[in-house]
>>> print(open('coords23.txt').read())   # compact mmCIF, C-alpha atoms
# COMPACT_ATOMS: atom_id res chain seq x y z
CA MET A 220 0.00 0.00 0.00
CA ASN A 221 2.89 2.35 0.72
CA ILE A 222 4.32 1.73 -2.76
CA LEU A 223 0.88 2.27 -4.31
CA SER A 224 0.48 5.49 -2.34
CA GLN A 225 3.87 6.73 -3.58
CA GLU A 226 2.94 5.95 -7.19
CA LEU A 227 -0.43 7.73 -6.87
CA SER A 228 1.24 10.80 -5.35
CA LYS A 229 3.33 11.15 -8.53
CA ILE A 230 0.22 11.61 -10.69
CA ARG A 231 -0.36 15.29 -11.51
CA ASN A 232 -3.75 16.88 -12.14
CA TYR A 233 -2.25 19.11 -14.82
CA ASN A 234 0.19 18.79 -17.75
CA PHE A 235 2.79 21.01 -19.38
CA TYR A 236 2.90 20.61 -23.13
CA GLY A 237 4.49 22.16 -26.18
CA LYS A 238 4.09 21.70 -29.93
CA VAL A 239 6.25 20.22 -32.66
CA SER A 240 7.66 23.03 -34.79
CA SER A 241 10.01 21.06 -37.06
CA ILE A 242 11.39 17.56 -37.67
CA GLN A 243 14.85 16.91 -39.08
CA GLY A 244 15.74 13.25 -39.33
CA LEU A 245 15.44 11.83 -35.82
CA LEU A 246 15.38 15.27 -34.17
CA ILE A 247 12.15 17.00 -33.15
CA SER A 248 12.13 20.74 -32.35
CA VAL A 249 9.46 21.72 -29.82
CA THR A 250 8.23 25.18 -28.84
CA GLY A 251 6.71 26.31 -25.55
CA ILE A 252 8.42 24.06 -23.00
CA ASP A 253 12.00 25.35 -22.83
CA GLN A 254 11.41 26.95 -19.41
CA VAL A 255 10.04 23.79 -17.70
CA VAL A 256 12.34 20.99 -18.93
CA SER A 257 16.01 20.11 -18.66
CA ILE A 258 18.42 17.69 -20.33
CA GLY A 259 17.11 14.16 -19.80
CA SER A 260 13.48 15.17 -19.15
CA ARG A 261 10.95 12.66 -20.44
CA CYS A 262 7.95 13.50 -22.59
CA ASN A 263 5.20 11.88 -24.67
CA ILE A 264 4.82 12.90 -28.32
CA GLU A 265 1.22 12.58 -29.50
CA THR A 266 0.70 11.26 -33.02
CA ARG A 267 -2.04 12.19 -35.48
CA GLY A 268 -3.44 8.68 -35.24
CA GLY A 269 -4.28 9.14 -31.57
CA GLY A 270 -1.28 7.28 -30.19
CA SER A 271 1.88 8.53 -28.52
CA CYS A 272 5.56 7.71 -28.36
CA PRO A 273 8.00 8.43 -25.51
CA GLY A 274 10.83 10.89 -26.02
CA GLU A 275 13.70 12.54 -24.20
CA VAL A 276 15.08 16.08 -24.18
CA ILE A 277 18.64 16.03 -25.54
CA GLY A 278 19.36 19.75 -25.93
CA PHE A 279 18.24 23.31 -26.61
CA ARG A 280 18.66 25.74 -29.50
CA GLU A 281 17.58 29.34 -28.92
CA ASN A 282 13.93 29.02 -27.74
CA LEU A 283 13.49 25.51 -29.10
CA THR A 284 13.68 22.27 -27.13
CA LEU A 285 15.37 19.40 -28.99
CA VAL A 286 13.68 16.05 -28.43
CA MET A 287 14.45 12.54 -29.69
CA SER A 288 11.93 9.71 -29.70
CA PHE A 289 12.54 6.24 -28.28
CA ASN A 290 10.38 4.79 -31.08
CA ASP A 291 9.72 5.47 -34.77
CA LEU A 292 8.24 8.85 -35.70
CA ASP A 293 5.36 7.43 -37.74
CA GLY A 294 2.32 9.70 -37.29
CA VAL A 295 4.26 12.64 -35.79
CA GLY A 296 3.78 15.93 -37.64
CA LEU A 297 3.94 19.70 -37.21
CA GLY A 298 1.69 20.95 -34.43
CA CYS A 299 1.50 17.63 -32.55
CA ARG A 300 1.49 18.05 -28.79
CA VAL A 301 4.51 17.08 -26.67
CA ILE A 302 3.47 16.44 -23.05
CA ILE A 303 6.10 16.65 -20.30
CA GLN A 304 6.26 13.59 -18.03
CA GLU A 305 9.01 13.86 -15.41
CA ASN A 306 12.35 15.59 -14.94
CA GLU A 307 14.39 12.58 -13.85
CA SER A 308 14.58 9.07 -15.29
CA VAL A 309 14.22 6.62 -12.40
CA ILE A 310 13.28 2.98 -11.85
CA ASN A 311 12.28 1.06 -8.71
CA PRO A 312 14.24 -2.24 -8.81
CA ASP A 313 13.39 -5.25 -6.69
CA GLU A 314 15.11 -8.57 -5.96
CA SER A 315 12.17 -10.37 -7.56
CA TRP A 316 13.47 -9.15 -10.94
CA LEU A 317 16.13 -11.88 -10.91
CA GLY A 318 15.55 -14.38 -13.70
CA ARG A 319 13.80 -11.82 -15.90
CA VAL A 320 14.52 -10.32 -19.33
CA LEU A 321 13.80 -6.59 -19.69
CA ASN A 322 13.80 -3.94 -22.39
CA PRO A 323 15.69 -0.65 -21.83
CA MET A 324 12.56 1.00 -20.37
CA GLY A 325 12.56 -1.58 -17.56
CA ASP A 326 9.53 -3.49 -18.90
CA PRO A 327 9.53 -7.31 -19.04
CA ILE A 328 9.76 -8.95 -22.48
CA ASP A 329 9.92 -12.60 -21.40
CA GLY A 330 6.18 -13.24 -21.12
CA LYS A 331 6.37 -14.01 -17.38
CA GLY A 332 4.03 -11.25 -16.26
CA PRO A 333 4.54 -7.78 -14.75
CA LEU A 334 7.37 -6.79 -12.41
CA LEU A 335 6.99 -5.89 -8.74
CA ASN A 336 8.39 -2.40 -8.10
CA GLY A 337 10.64 -1.77 -5.11
CA SER A 338 10.27 1.09 -2.66
CA ILE A 339 13.54 2.93 -3.41
CA PRO A 340 13.90 4.86 -6.70
CA TYR A 341 17.25 4.65 -8.52
CA LYS A 342 18.36 7.19 -11.10
CA LEU A 343 19.27 5.79 -14.50
CA ARG A 344 22.13 8.29 -14.80
CA SER A 345 23.64 8.38 -11.33
CA SER A 346 27.14 9.33 -10.21
CA PRO A 347 29.68 6.76 -8.93
CA PRO A 348 30.68 6.79 -5.23
CA LEU A 349 33.32 9.33 -4.25
CA ALA A 350 36.83 8.01 -4.87
CA SER A 351 37.78 8.68 -1.23
CA GLU A 352 34.83 6.59 0.02
CA ARG A 353 35.25 3.52 -2.17
CA ASN A 354 36.78 0.31 -0.92
CA ARG A 355 39.83 -1.25 -2.53
CA LEU A 356 39.59 -4.24 -4.87
CA GLY A 357 38.62 -7.51 -3.22
CA LYS A 358 40.13 -10.98 -3.50
CA LYS A 359 40.79 -12.86 -6.74
CA ILE A 360 37.66 -13.78 -8.65
CA ASP A 361 37.38 -17.05 -10.56
CA LEU A 362 36.03 -16.20 -14.03
CA GLY A 363 36.01 -19.84 -15.13
CA VAL A 364 38.39 -19.30 -18.10
CA LYS A 365 41.92 -20.78 -17.82
CA SER A 366 43.79 -18.18 -19.85
CA ILE A 367 42.21 -15.32 -17.87
CA ASN A 368 42.51 -16.95 -14.43
CA THR A 369 46.23 -17.51 -14.91
CA PHE A 370 47.62 -14.81 -17.22
CA VAL A 371 45.08 -11.99 -16.67
CA THR A 372 44.00 -12.63 -13.07
CA CYS A 373 41.16 -10.35 -11.95
CA CYS A 374 39.93 -9.25 -8.54
CA SER A 375 36.42 -8.70 -7.24
CA GLY A 376 35.33 -5.16 -8.13
CA GLN A 377 37.72 -4.84 -11.08
CA ARG A 378 36.66 -3.44 -14.48
CA MET A 379 38.01 -5.23 -17.54
CA GLY A 380 37.64 -4.50 -21.23
CA ILE A 381 37.43 -7.36 -23.75
CA PHE A 382 38.81 -6.03 -27.05
CA SER A 383 38.07 -7.90 -30.25
CA GLY A 384 37.29 -7.51 -33.92
CA SER A 385 34.03 -8.86 -35.29
CA GLY A 386 33.52 -12.62 -35.30
CA ILE A 387 36.44 -13.55 -33.04
CA GLY A 388 34.34 -14.77 -30.13
CA LYS A 389 33.99 -12.00 -27.55
CA SER A 390 30.27 -12.63 -27.05
CA VAL A 391 30.84 -16.37 -26.51
CA LEU A 392 33.69 -15.60 -24.08
CA LEU A 393 31.36 -13.26 -22.21
CA SER A 394 28.71 -15.96 -22.04
CA MET A 395 31.26 -18.41 -20.58
CA MET A 396 32.18 -15.95 -17.84
CA SER A 397 28.53 -15.16 -17.09
CA LYS A 398 27.91 -18.90 -16.59
CA TYR A 399 31.06 -19.86 -14.67
CA THR A 400 31.99 -16.78 -12.60
CA LYS A 401 31.41 -17.13 -8.85
CA SER A 402 29.14 -14.14 -8.15
CA ASP A 403 25.90 -13.48 -6.25
CA VAL A 404 24.12 -11.70 -9.10
CA ASN A 405 24.68 -11.26 -12.86
CA ILE A 406 23.40 -8.12 -14.60
CA ILE A 407 23.81 -8.56 -18.37
CA GLY A 408 23.30 -5.75 -20.88
CA LEU A 409 23.04 -6.74 -24.56
CA VAL A 410 23.43 -3.36 -26.27
CA GLY A 411 22.86 -3.23 -30.02
CA GLU A 412 23.28 -6.98 -30.46
CA ARG A 413 21.66 -9.27 -33.04
CA GLY A 414 18.11 -10.21 -32.08
CA ARG A 415 18.80 -13.83 -33.10
CA GLU A 416 21.52 -14.15 -30.44
CA VAL A 417 19.33 -13.28 -27.46
CA LYS A 418 17.51 -16.64 -27.20
CA ASP A 419 20.78 -18.48 -27.96
CA PHE A 420 22.51 -16.64 -25.14
CA ILE A 421 19.74 -17.29 -22.60
CA GLU A 422 18.99 -20.93 -23.42
CA ASP A 423 22.32 -22.34 -24.65
CA HIS A 424 25.01 -20.35 -22.84
CA LEU A 425 23.39 -19.09 -19.62
CA GLY A 426 20.96 -21.96 -18.94
CA PRO A 427 18.25 -22.13 -16.24
CA GLU A 428 20.77 -22.08 -13.38
CA GLY A 429 22.57 -18.99 -14.67
CA LEU A 430 19.34 -17.18 -15.54
CA ALA A 431 17.99 -17.69 -12.00
CA LYS A 432 20.63 -15.30 -10.61
CA SER A 433 20.65 -12.91 -13.58
CA ILE A 434 18.75 -9.97 -15.05
CA ILE A 435 19.15 -9.46 -18.79
CA ILE A 436 18.55 -6.10 -20.50
CA VAL A 437 18.11 -6.29 -24.26
CA ALA A 438 18.29 -3.53 -26.90
CA THR A 439 18.79 -5.02 -30.36
CA SER A 440 20.57 -3.31 -33.25
CA ASP A 441 17.33 -2.24 -34.95
CA GLU A 442 16.17 -0.15 -31.97
CA SER A 443 16.64 3.60 -31.61
CA ALA A 444 19.85 5.22 -30.37
CA LEU A 445 18.10 6.37 -27.18
CA LEU A 446 17.04 2.80 -26.34
CA ARG A 447 20.50 1.39 -27.04
CA ARG A 448 22.09 4.02 -24.83
CA GLN A 449 19.50 3.52 -22.09
CA ALA A 450 20.14 -0.24 -22.04
CA ALA A 451 23.68 0.47 -20.79
CA TYR A 452 22.41 2.96 -18.18
CA LEU A 453 19.81 0.48 -16.91
CA THR A 454 22.43 -2.28 -16.67
CA LEU A 455 24.60 -0.16 -14.37
CA THR A 456 21.59 1.06 -12.35
CA LEU A 457 20.46 -2.48 -11.57
CA SER A 458 24.07 -3.39 -10.71
CA GLU A 459 24.18 -0.48 -8.25
CA TYR A 460 20.93 -1.63 -6.63
CA PHE A 461 22.33 -5.09 -5.86
CA ARG A 462 25.71 -3.63 -4.87
CA ASP A 463 23.89 -1.52 -2.27
CA LYS A 464 22.32 -4.78 -1.05
CA GLU A 465 25.94 -5.86 -0.31
CA LYS A 466 26.01 -8.40 -3.13
CA ASN A 467 28.98 -9.31 -5.32
CA VAL A 468 27.66 -8.29 -8.74
CA LEU A 469 29.01 -9.35 -12.13
CA CYS A 470 28.07 -6.63 -14.63
CA LEU A 471 28.44 -7.58 -18.32
CA ILE A 472 27.86 -5.20 -21.23
CA ASP A 473 28.11 -6.34 -24.84
CA SER A 474 29.14 -3.96 -26.25
CA ILE A 475 30.45 -0.57 -25.15
CA THR A 476 31.19 0.31 -28.78
CA ARG A 477 27.48 0.16 -29.61
CA PHE A 478 26.76 2.42 -26.63
CA ALA A 479 29.32 4.89 -28.04
CA GLN A 480 27.77 4.66 -31.51
CA ALA A 481 24.32 5.37 -30.05
CA GLN A 482 25.68 8.41 -28.21
CA ARG A 483 27.33 9.56 -31.45
CA GLU A 484 23.97 9.39 -33.27
CA ILE A 485 22.33 11.42 -30.51
CA GLY A 486 25.15 13.98 -30.45
CA LEU A 487 25.17 14.46 -34.22
CA SER A 488 21.37 14.86 -34.27
CA GLY A 489 21.67 17.56 -31.62
CA GLY A 490 24.18 19.50 -33.71
CA GLU A 491 27.45 18.48 -32.04
CA PRO A 492 30.53 18.70 -34.27
CA PRO A 493 32.14 15.34 -35.13
CA ALA A 494 35.60 14.88 -33.66
CA SER A 495 37.75 11.75 -33.88
CA LYS A 496 36.41 9.33 -36.57
CA GLY A 497 33.02 11.02 -36.42
CA TYR A 498 32.57 10.50 -32.67
CA THR A 499 31.28 13.61 -30.92
CA PRO A 500 32.87 15.09 -27.74
CA THR A 501 29.99 13.85 -25.55
CA VAL A 502 30.90 10.24 -26.41
CA PHE A 503 34.25 10.63 -24.64
CA ALA A 504 32.56 12.47 -21.76
CA GLU A 505 29.88 9.76 -21.29
CA LEU A 506 32.24 6.75 -21.39
CA PRO A 507 33.97 7.46 -18.04
CA LYS A 508 30.64 8.44 -16.44
CA LEU A 509 29.25 5.03 -17.37
CA LEU A 510 32.29 2.84 -16.68
CA GLU A 511 33.25 4.49 -13.37
CA ARG A 512 29.89 3.41 -11.93
CA ALA A 513 31.26 -0.14 -11.78
CA GLY A 514 33.83 -1.10 -9.17
CA PRO A 515 33.96 -1.43 -5.37
CA GLY A 516 31.23 0.23 -3.31
CA LYS A 517 31.28 1.92 0.07
CA ASN A 518 30.29 -1.25 1.95
CA THR A 519 30.97 -4.93 1.25
CA GLY A 520 29.12 -4.95 -2.08
CA ASN A 521 30.96 -4.43 -5.36
CA ILE A 522 30.45 -4.50 -9.11
CA THR A 523 32.92 -6.50 -11.21
CA GLY A 524 32.58 -5.06 -14.71
CA LEU A 525 33.34 -6.92 -17.96
CA PHE A 526 32.78 -4.74 -21.02
CA THR A 527 33.30 -5.85 -24.61
CA VAL A 528 34.72 -3.41 -27.15
CA LEU A 529 34.19 -4.09 -30.85
CA VAL A 530 37.46 -3.03 -32.46
CA GLU A 531 36.73 -1.51 -35.87
CA GLY A 532 38.93 -2.89 -38.63
CA ASP A 533 40.99 -4.87 -36.06
CA ASP A 534 42.65 -1.55 -35.15
CA HIS A 535 43.19 -1.71 -31.39
CA ASN A 536 44.15 1.98 -31.34
CA GLU A 537 40.90 3.32 -32.80
CA PRO A 538 39.25 6.08 -30.67
CA ILE A 539 36.76 4.04 -28.60
CA SER A 540 39.27 1.26 -27.86
CA ASP A 541 41.83 3.84 -26.81
CA ALA A 542 39.36 5.69 -24.58
CA VAL A 543 38.01 2.56 -22.85
CA ARG A 544 41.50 1.11 -22.32
CA ALA A 545 42.48 4.29 -20.46
CA ILE A 546 39.46 4.05 -18.13
CA VAL A 547 39.20 0.36 -17.16
CA ASP A 548 41.50 -1.66 -14.88
CA GLY A 549 42.88 -3.94 -17.56
CA HIS A 550 42.20 -5.34 -21.00
CA ILE A 551 41.79 -8.77 -22.57
CA VAL A 552 42.82 -8.81 -26.25
CA LEU A 553 41.33 -11.33 -28.69
CA GLU A 554 43.12 -11.69 -32.04
CA ARG A 555 41.91 -13.01 -35.37
CA GLU A 556 45.22 -14.73 -36.16
CA ILE A 557 44.97 -16.86 -33.01
CA MET A 558 41.37 -17.79 -33.84
CA GLU A 559 42.37 -18.74 -37.39
CA ARG A 560 44.90 -21.28 -36.13
CA GLY A 561 42.16 -22.99 -34.12
CA ARG A 562 42.79 -21.90 -30.55
CA TYR A 563 39.79 -20.69 -28.55
CA PRO A 564 39.47 -18.44 -26.61
CA ALA A 565 41.68 -16.46 -28.98
CA ILE A 566 43.29 -14.43 -26.16
CA ASN A 567 46.71 -12.92 -26.76
CA ILE A 568 48.27 -13.40 -23.32
CA LEU A 569 51.21 -11.10 -24.14
CA LYS A 570 49.02 -8.12 -25.01
CA SER A 571 46.42 -8.68 -22.28
CA VAL A 572 46.94 -6.85 -18.99
CA SER A 573 45.32 -6.92 -15.54
CA ARG A 574 46.18 -3.91 -13.39
CA SER A 575 45.54 -5.90 -10.21
CA MET A 576 48.50 -8.14 -11.06
CA PRO A 577 50.97 -9.08 -9.67
CA ASN A 578 49.68 -8.01 -6.24
CA CYS A 579 46.74 -10.43 -6.31
CA ASN A 580 48.93 -13.54 -6.82
CA ASN A 581 51.53 -15.12 -4.58
CA GLU A 582 55.22 -15.22 -5.50
CA LYS A 583 55.11 -18.76 -6.90
CA GLU A 584 52.15 -17.97 -9.18
CA ASN A 585 53.84 -14.80 -10.46
CA GLN A 586 57.01 -16.75 -11.26
CA LEU A 587 55.01 -19.32 -13.23
CA ILE A 588 53.23 -16.60 -15.22
CA SER A 589 56.49 -14.74 -15.92
CA LYS A 590 58.26 -17.89 -17.13
CA ALA A 591 55.35 -18.94 -19.35
CA LYS A 592 55.13 -15.46 -20.93
CA THR A 593 58.90 -15.47 -21.57
CA ILE A 594 58.62 -18.82 -23.37
CA VAL A 595 55.66 -17.69 -25.50
CA SER A 596 57.37 -14.38 -26.35
CA LEU A 597 60.66 -16.06 -27.33
CA PHE A 598 58.97 -18.69 -29.50
CA GLU A 599 56.76 -16.17 -31.33
CA LYS A 600 59.75 -13.88 -31.90
CA MET A 601 61.76 -16.70 -33.49
CA SER A 602 58.84 -18.56 -35.10
CA GLU A 603 59.72 -17.57 -38.67
CA MET A 604 63.28 -18.84 -38.32
CA ILE A 605 62.03 -22.10 -36.78
CA ARG A 606 59.49 -22.69 -39.56
CA LEU A 607 62.05 -21.96 -42.28
CA GLY A 608 64.50 -24.38 -40.70
CA ALA A 609 67.09 -21.63 -40.16
CA TYR A 610 67.49 -22.48 -36.48
CA LYS A 611 69.68 -25.44 -35.53
CA GLN A 612 68.57 -27.23 -32.38
CA GLY A 613 71.11 -26.95 -29.56
CA SER A 614 72.26 -23.45 -30.51
CA ASP A 615 70.25 -21.79 -27.72
CA LYS A 616 69.15 -23.61 -24.59
CA ASP A 617 66.27 -21.18 -23.86
CA LEU A 618 64.93 -21.45 -27.40
CA ASP A 619 65.17 -25.24 -27.28
CA GLU A 620 63.03 -25.14 -24.13
CA ALA A 621 60.55 -22.76 -25.83
CA ILE A 622 60.23 -25.07 -28.88
CA GLU A 623 59.49 -28.01 -26.57
CA ILE A 624 57.05 -26.28 -24.21
CA TYR A 625 55.23 -23.77 -26.48
CA PRO A 626 52.85 -26.41 -28.01
CA LEU A 627 51.93 -27.57 -24.48
CA ILE A 628 51.11 -23.99 -23.42
CA GLU A 629 48.98 -23.54 -26.54
CA LYS A 630 47.10 -26.73 -25.68
CA PHE A 631 46.69 -25.48 -22.09
CA LEU A 632 45.20 -22.18 -23.30
CA TYR A 633 42.58 -23.95 -25.42
CA GLN A 634 39.23 -24.33 -23.63
CA ASN A 635 35.93 -25.73 -24.80
CA ILE A 636 32.82 -23.61 -24.27
CA ASP A 637 31.26 -26.16 -21.91
CA GLU A 638 34.47 -26.63 -19.88
CA ARG A 639 34.80 -24.83 -16.55
CA ALA A 640 38.24 -23.85 -15.26
CA ASP A 641 39.42 -23.69 -11.63
CA PHE A 642 42.17 -21.50 -10.11
CA GLU A 643 44.09 -24.20 -8.26
CA LYS A 644 43.90 -26.76 -11.06
CA ASP A 645 44.97 -24.15 -13.64
CA PHE A 646 48.17 -23.18 -11.82
CA ASN A 647 49.00 -26.81 -11.02
CA GLU A 648 48.62 -27.74 -14.69
CA LEU A 649 50.73 -24.77 -15.80
CA GLU A 650 53.46 -25.70 -13.29
CA LYS A 651 53.52 -29.27 -14.56
CA ILE A 652 53.93 -28.03 -18.17
CA LEU A 653 56.79 -25.65 -17.29
CA ASN A 654 58.64 -28.35 -15.34
CA SER A 655 58.28 -30.94 -18.12
CA TYR A 656 61.44 -29.89 -20.02
>>> encode(input="coords23.txt", output="C-alpha cells")
Amino acid sequence: MNILSQELSKIRNYNFYGKVSSIQGLLISVTGIDQVVSIGSRCNIETRGGGSCPGEVIGFRENLTLVMSFNDLDGVGLGCRVIIQENESVINPDESWLGRVLNPMGDPIDGKGPLLNGSIPYKLRSSPPLASERNRLGKKIDLGVKSINTFVTCCSGQRMGIFSGSGIGKSVLLSMMSKYTKSDVNIIGLVGERGREVKDFIEDHLGPEGLAKSIIIVATSDESALLRRQAAYLTLTLSEYFRDKEKNVLCLIDSITRFAQAQREIGLSGGEPPASKGYTPTVFAELPKLLERAGPGKNTGNITGLFTVLVEGDDHNEPISDAVRAIVDGHIVLEREIMERGRYPAINILKSVSRSMPNCNNEKENQLISKAKTIVSLFEKMSEMIRLGAYKQGSDKDLDEAIEIYPLIEKFLYQNIDERADFEKDFNELEKILNSY
C-alpha cells in the first residue's frame, strides 16, 4: 500500500505541453516548453493517429527544445502536442526481478508477467561513489576461463575491457564468464546486439541455473539510439541496486562500442561537431561516467565489470578502444590470427593486462606466469626462423626449451565452451607443463 500510495502521489492533475515546430531526421524541435524541462526530461509525443511515443530532451537551441523519440516517428507531424512527463529518469528495482529479461525501459519482455516495483527509486544516470569513500579491490575472482585466471587474473570489483574484432568470439567468451563466474548476481546488458543471439545466449550459454541469478537487459541493433544508450544505463543502475544490497555483482555489457555509436547518433542529431572518426565530444565524456559506476562500493558490495569493445577494422588503437582502455582496470585482447589457427578463446596473453597483477597472486604464481610469458614471447619472436628451418637445435638452450614447451602452453590455453576452469587446477597444470622440459 505504501508503494501504491507513492505511485499515486506522482500523478499530476495538470500537464505542461508544447508543440512540434520542425522535424529533421530523428530530431524533433518543440516550442513552448523550454522553461520547464532540462536535459534528460521525459515527454510523450502525441501522433495524429491518436497514439503517442516516448521521447527525451537532448538539448536546446535558442527558444526551441530538442527532443528525440525512443520509437519510430510514424504519425508525428507539425503541431503535434509534446506532453512533459518527469524531470528525472528513475526505476524502482526489486530482488524479484532476478531471472527476468527486460527492455531498456525496464519493462519485461519474457512473457512471465509484470514486475513488482521496489520502494527505493534509482536514477538511470547516477554518479559513482566518491573516490575517497570507495573500498579497494577484493580478492581474486574465478572467471572460469583458464587463460584469464592464470595470465590476466582479476579481482572482485575490477573493471576489464574485452577487445576484439568482429567474429572472433567475444560474445561467446562473455557468455562463458557469465555462466562460470562465482558471483551473487549477474546483470547482463546486450546493447545493439543481433536479435537472433538473445535466445541463444539465454537458453544455450546461460541456462536455467545462470538465468535464475541474472537480469538481462536487451536492446537489439534495430532499436533507436536512445534505447540502445538507455540499455547500458539500466544495466549499471540495476548493478548499483544489488551492490547496495551488499552483493557481489558481475556486470556484463556487450558492447560498449554500440553504446558509443548510439551516443554519437544522438550527439550528431543535436548538432554536435564530429571529432575523432566522427565520434562527438559527448561520447568521450559519457564513457567514463558510465564505466566508473562499476567497481567497489562503500560497503561490502561491489560490481565486477566486464565490457566488450568491438574493435573496428581490427585496429586496437581506434578512438573508442583507446578511450576505454584508459578508463578500465585492464584489457583482454582477442586476435583473429589466433582464432584462425584454431585456438579458442583467442586471447593474446602477451598483449592482455590486468592492473591488479601481480599483487593479487603469490610469489610462486607470479614466477610461473612470468616464465610462461617469456617462453611464449621467445617462440613467437623466433617462429619464422624455426618454420624456415634456419634455427639449428642446440644453438640456444632457452629457445630449445621454448620449442618443446610452447605447443603444451597452446594446448593449455585452449578451452571448450562447456568446460569450466578452476584456479588451483589451472596453476598446477601450468606448473607441470613448465617443469616438463
>>> closest_residue(input="coords23.txt", among="A:Ser385, A:Val255, A:Val301, A:Leu510", to="Ser271 in chain A", atoms="all atoms listed in the file")
A:Val301
>>> residues_around(input="coords23.txt", residues="Arg462 in chain A", least_positions_apart="4", cutoff="6 Å", atoms="all atoms listed in the file", output="PyMOL selection string")
chain A and resi 466+520-521
>>> atom_distance(input="coords23.txt", atom1="CA of Pro492 in chain A", atom2="CA of Leu245 in chain A")
16.7 Å
>>> atom_distance(input="coords23.txt", atom1="CA of Lys517 in chain A", atom2="CA of Glu352 in chain A")
5.9 Å
>>> closest_residue(input="coords23.txt", among="A:Ile381, A:Ile277, A:Leu455, A:Leu430", to="Val547 in chain A", atoms="all atoms listed in the file")
A:Ile381
>>> residues_around(input="coords23.txt", residues="Gly408 in chain A", least_positions_apart="6", cutoff="8 Å", atoms="all atoms listed in the file", output="PyMOL selection string")
chain A and resi 435-437+450-451+454+470-473
>>> write_last_selection(input="coords23.txt", atoms="C-alpha atoms", output="PDB file, in the frame of the given file")
ATOM      1  CA  ILE A 435      19.150  -9.460 -18.790  1.00  0.00           C
ATOM      2  CA  ILE A 436      18.550  -6.100 -20.500  1.00  0.00           C
ATOM      3  CA  VAL A 437      18.110  -6.290 -24.260  1.00  0.00           C
ATOM      4  CA  ALA A 450      20.140  -0.240 -22.040  1.00  0.00           C
ATOM      5  CA  ALA A 451      23.680   0.470 -20.790  1.00  0.00           C
ATOM      6  CA  THR A 454      22.430  -2.280 -16.670  1.00  0.00           C
ATOM      7  CA  CYS A 470      28.070  -6.630 -14.630  1.00  0.00           C
ATOM      8  CA  LEU A 471      28.440  -7.580 -18.320  1.00  0.00           C
ATOM      9  CA  ILE A 472      27.860  -5.200 -21.230  1.00  0.00           C
ATOM     10  CA  ASP A 473      28.110  -6.340 -24.840  1.00  0.00           C
TER      11      ASP A 473
END
>>> atom_distance(input="coords23.txt", atom1="CA of Tyr625 in chain A", atom2="CA of Gly608 in chain A")
17.0 Å
>>> residues_around(input="coords23.txt", residues="Ile367 in chain A", least_positions_apart="6", cutoff="10 Å", atoms="all atoms listed in the file", output="PyMOL selection string")
chain A and resi 361+373+551+564+566+568+571-573+632+640+642
>>> closest_residue(input="coords23.txt", among="A:Asp617, A:Ser440, A:Glu584, A:Gly363", to="Glu648 in chain A", atoms="all atoms listed in the file")
A:Glu584
>>> residues_around(input="coords23.txt", residues="Ser288 in chain A", least_positions_apart="2", cutoff="10 Å", atoms="all atoms listed in the file", output="list in words")
Leu245, Leu246, Ile247, Arg261, Cys262, Asn263, Ile264, Cys272, Pro273, Gly274, Glu275, Val276, Val286, Asn290, Asp291, Leu292, Ser443, Ala444, Leu445 and Leu446 of chain A
>>> residues_around(input="coords23.txt", residues="Asp533 in chain A", least_positions_apart="2", cutoff="9 Å", atoms="all atoms listed in the file", output="list in words")
Ser383, Gly384, Ser385, Leu529, Val530, Glu531, His535, Asn536, Glu537, Glu554 and Arg555 of chain A
>>> closest_residue(input="coords23.txt", among="A:Ile387, A:Glu484, A:Glu623, A:Pro427", to="Val528 in chain A", atoms="all atoms listed in the file")
A:Ile387
>>> residues_near_point(input="coords23.txt", point="(26.2, -2.1, -10.4)", cutoff="8 Å", atoms="all atoms listed in the file", output="list in words")
Ile406, Thr454, Leu455, Thr456, Leu457, Ser458, Glu459, Tyr460, Phe461, Arg462, Val468, Leu469, Cys470, Arg512, Ala513, Gly514, Asn521 and Ile522 of chain A
>>> closest_residue(input="coords23.txt", among="A:Pro348, A:Gly524, A:Gly269, A:Gly237", to="Asn467 in chain A", atoms="all atoms listed in the file")
A:Gly524
>>> build_atoms(input="coords23.txt", residues="range 314-323 of chain A", atoms="N, CA and C atoms", output="PDB file, keeping the file's coordinate frame")
ATOM      1  N   GLU A 314      14.391  -7.293  -5.836  1.00  0.00           N
ATOM      2  CA  GLU A 314      15.110  -8.570  -5.960  1.00  0.00           C
ATOM      3  C   GLU A 314      14.309  -9.617  -6.737  1.00  0.00           C
ATOM      4  N   SER A 315      13.008  -9.429  -6.811  1.00  0.00           N
ATOM      5  CA  SER A 315      12.170 -10.370  -7.560  1.00  0.00           C
ATOM      6  C   SER A 315      12.404 -10.282  -9.066  1.00  0.00           C
ATOM      7  N   TRP A 316      13.164  -9.289  -9.516  1.00  0.00           N
ATOM      8  CA  TRP A 316      13.470  -9.150 -10.940  1.00  0.00           C
ATOM      9  C   TRP A 316      14.477 -10.181 -11.425  1.00  0.00           C
ATOM     10  N   LEU A 317      15.153 -10.859 -10.510  1.00  0.00           N
ATOM     11  CA  LEU A 317      16.130 -11.880 -10.910  1.00  0.00           C
ATOM     12  C   LEU A 317      15.441 -12.962 -11.744  1.00  0.00           C
ATOM     13  N   GLY A 318      16.108 -13.371 -12.795  1.00  0.00           N
ATOM     14  CA  GLY A 318      15.550 -14.380 -13.700  1.00  0.00           C
ATOM     15  C   GLY A 318      14.702 -13.795 -14.806  1.00  0.00           C
ATOM     16  N   ARG A 319      14.661 -12.471 -14.919  1.00  0.00           N
ATOM     17  CA  ARG A 319      13.800 -11.820 -15.900  1.00  0.00           C
ATOM     18  C   ARG A 319      14.613 -11.191 -17.029  1.00  0.00           C
ATOM     19  N   VAL A 320      13.935 -10.981 -18.166  1.00  0.00           N
ATOM     20  CA  VAL A 320      14.520 -10.320 -19.330  1.00  0.00           C
ATOM     21  C   VAL A 320      13.734  -9.032 -19.554  1.00  0.00           C
ATOM     22  N   LEU A 321      14.447  -7.896 -19.614  1.00  0.00           N
ATOM     23  CA  LEU A 321      13.800  -6.590 -19.690  1.00  0.00           C
ATOM     24  C   LEU A 321      14.213  -5.848 -20.944  1.00  0.00           C
ATOM     25  N   ASN A 322      13.379  -4.888 -21.349  1.00  0.00           N
ATOM     26  CA  ASN A 322      13.800  -3.940 -22.390  1.00  0.00           C
ATOM     27  C   ASN A 322      14.425  -2.731 -21.706  1.00  0.00           C
ATOM     28  N   PRO A 323      15.005  -1.788 -22.454  1.00  0.00           N
ATOM     29  CA  PRO A 323      15.690  -0.650 -21.830  1.00  0.00           C
ATOM     30  C   PRO A 323      14.789   0.259 -20.992  1.00  0.00           C
TER      31      PRO A 323
END
